[in-house]
Amino acid sequence: MDMLSNNFNDLCEVSKIRFFVASDLKRANLNDLYDTYWLEMENRFLDASERVKENLFEKFLIDYLTIQRNAVIPQKDSLFTEFIDFYQNISKFQKKEIIIKNIFRYSVYYLRIYFADLKDDEIRKKIKTINALNANDSYPFLMEVFEDYEFAHINRSMLLEILDTVLHFIDERNSKKPSQIALTFAGLSNEINKMLILKDYTPKFVVDEEEISNKYETINSITAV
């Protein structure tokens with residue numbers, strides 16, 4: 001099917017993304033990658049969305065692209081275009097297998113954060129508090145934090161300290177008028193990174209493909225399901 005056809009243009013933004021990914025992976029003879037990762041991811045979001053009566057997959061894609069766009073939030077009606085830009089740019093230097101696995105891995109973080117579905121009681125309580133405060137705009141930042149935790153760039157005590165800082169930030173933000181709020185979660189991320197660099201912290205680095213593959217296989221190590 002021609003992606004410029006009327007049938008394609010009539011699709012919602014998420015469906016356009018699905019069609020594009022399926023077509024692209026098929027052309028690359030990567031159908032198994034689509035079935036094992038992308039389709040599995042969508043099925044998880046379908047089940048989760050049924051529970052809460054919200055389109056969580058759309059919310060996740062917006063938050064994931066927010067990370068890729070350096071905290072610039074994409075508009076819902078341009079989600080497909082923003083995804084294409086991200087996908088084509090990153091495909092220049094990263095294999096499609098890694099791109100799709102990365103998206104899948106972040107989707108796991110998203111759902112576990114959304115439902116506070118975590119093994120560690122103390123971490124779970126703090127995430128539940130963040131959710132109770134309706135701070136869903138923290139999700140792009142929190143997904144990156146959980147990525148650092150999963151790859152052992154930060155340890156448990158650092159994670160807890162970051163979550164405490166997030167909670168303090170939310171509390172401060174909620175106590176002020178919108179015009180008085182000078183810091184966003186993007187800015188908070190920079191401040192926290194500065195804080196961690198002054199501590200016993202391993203800076204972020206480019207994770208190689210083998211490590212990503214291995215980590216995908218053991219991603220449930222920090223989660224309950």
# chains A, B, ... in the order shown; residues from 1 in each chain; ligands from 1

call {"tool": "residues_around", "arguments": {"residues": "Ile90 of chain A", "least_positions_apart": "5", "cutoff": "12 Å", "atoms": "only C-alpha atoms", "output": "VMD selection string"}}
result
chain A and resid 68 to 69 83 to 85 95 to 100 102

call {"tool": "residues_around", "arguments": {"residues": "segment 147-149 of chain A", "least_positions_apart": "3", "cutoff": "8 Å", "atoms": "only C-alpha atoms", "output": "list in words"}}
result
Tyr106, Tyr109, Met143, Glu144, Ala152, His153, Ile154, Asn155, Arg156, Leu159 and Lys204 of chain A

call {"tool": "write_last_selection", "arguments": {"atoms": "C-alpha atoms", "output": "JSON list (two decimals), in the first residue's frame"}}
result
[["chain", "number", "residue", "atom", "x", "y", "z"],
["A", 106, "TYR", "CA", 11.54, 2.04, 27.29],
["A", 109, "TYR", "CA", 9.84, 1.22, 31.90],
["A", 143, "MET", "CA", 12.29, 6.48, 31.93],
["A", 144, "GLU", "CA", 15.82, 7.77, 31.45],
["A", 152, "ALA", "CA", 23.99, 0.15, 36.53],
["A", 153, "HIS", "CA", 24.98, 3.72, 35.73],
["A", 154, "ILE", "CA", 23.40, 4.61, 39.07],
["A", 155, "ASN", "CA", 22.82, 2.43, 42.12],
["A", 156, "ARG", "CA", 19.72, 1.99, 44.28],
["A", 159, "LEU", "CA", 17.85, 6.19, 42.35],
["A", 204, "LYS", "CA", 26.38, 7.86, 30.79]]

call {"tool": "residues_around", "arguments": {"residues": "Val72 of chain A", "least_positions_apart": "4", "cutoff": "10 Å", "atoms": "only C-alpha atoms", "output": "list in words"}}
result
Ile62, Asp63, Leu65, Thr66, Ile67, Gln68 and Ala186 of chain A

call {"tool": "atom_distance", "arguments": {"atom1": "atom CA of Trp38 of chain A", "atom2": "atom CA of Phe20 of chain A"}}
result
11.7 Å

call {"tool": "residues_around", "arguments": {"residues": "segment 112-129 of chain A", "least_positions_apart": "4", "cutoff": "12 Å", "atoms": "only C-alpha atoms", "output": "PyMOL selection string"}}
result
chain A and resi 44-45+48-49+51-52+54+56-57+59-60+105-108+133-146+149+156-168+170-171+219-225

call {"tool": "select_by_dssp", "arguments": {"residues": "segment 21-173 of chain A", "states": "alpha helix (DSSP H)", "output": "NGL selection string"}}
result
:A and (21-27 or 31-33 or 40-52 or 56-68 or 79-90 or 96-114 or 121-132 or 139-150 or 156-173)

call {"tool": "atom_distance", "arguments": {"atom1": "atom CA of Ile17 of chain A", "atom2": "atom CA of Leu79 of chain A"}}
result
8.3 Å

call {"tool": "closest_residue", "arguments": {"among": "A:Tyr87, A:Ser175, A:Glu58, A:Tyr64", "to": "Glu13 of chain A", "atoms": "only C-alpha atoms"}}
result
A:Glu58

call {"tool": "atom_distance", "arguments": {"atom1": "atom CA of Ser78 of chain A", "atom2": "atom CA of Phe8 of chain A"}}
result
14.6 Å

call {"tool": "decode", "arguments": {"residues": "segment 92-120 of chain A", "atoms": "N, CA and C atoms", "output": "PDB file, in the first residue's frame"}}
result
ATOM      1  N   LYS A  92      20.597   6.139  10.543  1.00  0.00           N
ATOM      2  CA  LYS A  92      21.849   6.419   9.854  1.00  0.00           C
ATOM      3  C   LYS A  92      23.053   5.855  10.590  1.00  0.00           C
ATOM      4  N   PHE A  93      22.913   5.676  11.911  1.00  0.00           N
ATOM      5  CA  PHE A  93      24.067   5.187  12.673  1.00  0.00           C
ATOM      6  C   PHE A  93      23.716   4.066  13.651  1.00  0.00           C
ATOM      7  N   GLN A  94      22.489   3.552  13.594  1.00  0.00           N
ATOM      8  CA  GLN A  94      22.116   2.478  14.501  1.00  0.00           C
ATOM      9  C   GLN A  94      21.271   1.449  13.755  1.00  0.00           C
ATOM     10  N   LYS A  95      21.532   0.180  14.007  1.00  0.00           N
ATOM     11  CA  LYS A  95      20.774  -0.882  13.350  1.00  0.00           C
ATOM     12  C   LYS A  95      19.312  -0.846  13.783  1.00  0.00           C
ATOM     13  N   LYS A  96      18.441  -1.293  12.880  1.00  0.00           N
ATOM     14  CA  LYS A  96      17.013  -1.293  13.172  1.00  0.00           C
ATOM     15  C   LYS A  96      16.685  -2.192  14.365  1.00  0.00           C
ATOM     16  N   GLU A  97      17.419  -3.294  14.506  1.00  0.00           N
ATOM     17  CA  GLU A  97      17.188  -4.180  15.649  1.00  0.00           C
ATOM     18  C   GLU A  97      17.362  -3.433  16.962  1.00  0.00           C
ATOM     19  N   ILE A  98      18.381  -2.592  17.035  1.00  0.00           N
ATOM     20  CA  ILE A  98      18.659  -1.859  18.260  1.00  0.00           C
ATOM     21  C   ILE A  98      17.619  -0.767  18.476  1.00  0.00           C
ATOM     22  N   ILE A  99      17.208  -0.103  17.409  1.00  0.00           N
ATOM     23  CA  ILE A  99      16.193   0.945  17.524  1.00  0.00           C
ATOM     24  C   ILE A  99      14.906   0.373  18.107  1.00  0.00           C
ATOM     25  N   ILE A 100      14.446  -0.728  17.532  1.00  0.00           N
ATOM     26  CA  ILE A 100      13.187  -1.324  17.978  1.00  0.00           C
ATOM     27  C   ILE A 100      13.320  -1.878  19.400  1.00  0.00           C
ATOM     28  N   LYS A 101      14.430  -2.515  19.692  1.00  0.00           N
ATOM     29  CA  LYS A 101      14.628  -3.051  21.047  1.00  0.00           C
ATOM     30  C   LYS A 101      14.706  -1.928  22.081  1.00  0.00           C
ATOM     31  N   ASN A 102      15.310  -0.818  21.698  1.00  0.00           N
ATOM     32  CA  ASN A 102      15.369   0.322  22.618  1.00  0.00           C
ATOM     33  C   ASN A 102      13.970   0.852  22.919  1.00  0.00           C
ATOM     34  N   ILE A 103      13.154   0.998  21.871  1.00  0.00           N
ATOM     35  CA  ILE A 103      11.780   1.476  22.070  1.00  0.00           C
ATOM     36  C   ILE A 103      11.027   0.500  22.964  1.00  0.00           C
ATOM     37  N   PHE A 104      11.194  -0.785  22.696  1.00  0.00           N
ATOM     38  CA  PHE A 104      10.519  -1.793  23.506  1.00  0.00           C
ATOM     39  C   PHE A 104      10.939  -1.681  24.970  1.00  0.00           C
ATOM     40  N   ARG A 105      12.233  -1.543  25.207  1.00  0.00           N
ATOM     41  CA  ARG A 105      12.739  -1.488  26.577  1.00  0.00           C
ATOM     42  C   ARG A 105      12.167  -0.286  27.329  1.00  0.00           C
ATOM     43  N   TYR A 106      12.117   0.850  26.657  1.00  0.00           N
ATOM     44  CA  TYR A 106      11.542   2.043  27.292  1.00  0.00           C
ATOM     45  C   TYR A 106      10.045   1.878  27.522  1.00  0.00           C
ATOM     46  N   SER A 107       9.376   1.130  26.666  1.00  0.00           N
ATOM     47  CA  SER A 107       7.949   0.883  26.878  1.00  0.00           C
ATOM     48  C   SER A 107       7.721   0.071  28.144  1.00  0.00           C
ATOM     49  N   VAL A 108       8.653  -0.831  28.441  1.00  0.00           N
ATOM     50  CA  VAL A 108       8.563  -1.596  29.687  1.00  0.00           C
ATOM     51  C   VAL A 108       8.699  -0.654  30.878  1.00  0.00           C
ATOM     52  N   TYR A 109       9.685   0.241  30.825  1.00  0.00           N
ATOM     53  CA  TYR A 109       9.842   1.220  31.902  1.00  0.00           C
ATOM     54  C   TYR A 109       8.563   2.030  32.067  1.00  0.00           C
ATOM     55  N   TYR A 110       7.995   2.463  30.952  1.00  0.00           N
ATOM     56  CA  TYR A 110       6.810   3.327  31.004  1.00  0.00           C
ATOM     57  C   TYR A 110       5.662   2.646  31.746  1.00  0.00           C
ATOM     58  N   LEU A 111       5.361   1.424  31.358  1.00  0.00           N
ATOM     59  CA  LEU A 111       4.233   0.722  31.978  1.00  0.00           C
ATOM     60  C   LEU A 111       4.497   0.417  33.447  1.00  0.00           C
ATOM     61  N   ARG A 112       5.719   0.080  33.780  1.00  0.00           N
ATOM     62  CA  ARG A 112       6.028  -0.203  35.170  1.00  0.00           C
ATOM     63  C   ARG A 112       5.943   1.066  36.026  1.00  0.00           C
ATOM     64  N   ILE A 113       6.321   2.207  35.440  1.00  0.00           N
ATOM     65  CA  ILE A 113       6.188   3.480  36.150  1.00  0.00           C
ATOM     66  C   ILE A 113       4.713   3.859  36.258  1.00  0.00           C
ATOM     67  N   TYR A 114       3.983   3.720  35.179  1.00  0.00           N
ATOM     68  CA  TYR A 114       2.570   4.111  35.160  1.00  0.00           C
ATOM     69  C   TYR A 114       1.774   3.349  36.214  1.00  0.00           C
ATOM     70  N   PHE A 115       2.038   2.048  36.315  1.00  0.00           N
ATOM     71  CA  PHE A 115       1.302   1.219  37.266  1.00  0.00           C
ATOM     72  C   PHE A 115       2.058   1.005  38.580  1.00  0.00           C
ATOM     73  N   ALA A 116       3.199   1.665  38.733  1.00  0.00           N
ATOM     74  CA  ALA A 116       4.054   1.480  39.920  1.00  0.00           C
ATOM     75  C   ALA A 116       4.258  -0.008  40.184  1.00  0.00           C
ATOM     76  N   ASP A 117       4.544  -0.725  39.122  1.00  0.00           N
ATOM     77  CA  ASP A 117       4.657  -2.189  39.164  1.00  0.00           C
ATOM     78  C   ASP A 117       6.129  -2.565  39.303  1.00  0.00           C
ATOM     79  N   LEU A 118       6.657  -2.422  40.516  1.00  0.00           N
ATOM     80  CA  LEU A 118       8.085  -2.595  40.766  1.00  0.00           C
ATOM     81  C   LEU A 118       8.308  -3.496  41.973  1.00  0.00           C
ATOM     82  N   LYS A 119       9.392  -4.242  41.935  1.00  0.00           N
ATOM     83  CA  LYS A 119       9.687  -5.174  43.023  1.00  0.00           C
ATOM     84  C   LYS A 119      10.031  -4.456  44.324  1.00  0.00           C
ATOM     85  N   ASP A 120      10.861  -3.449  44.216  1.00  0.00           N
ATOM     86  CA  ASP A 120      11.393  -2.762  45.393  1.00  0.00           C
ATOM     87  C   ASP A 120      10.295  -1.913  46.050  1.00  0.00           C
TER      88      ASP A 120
END
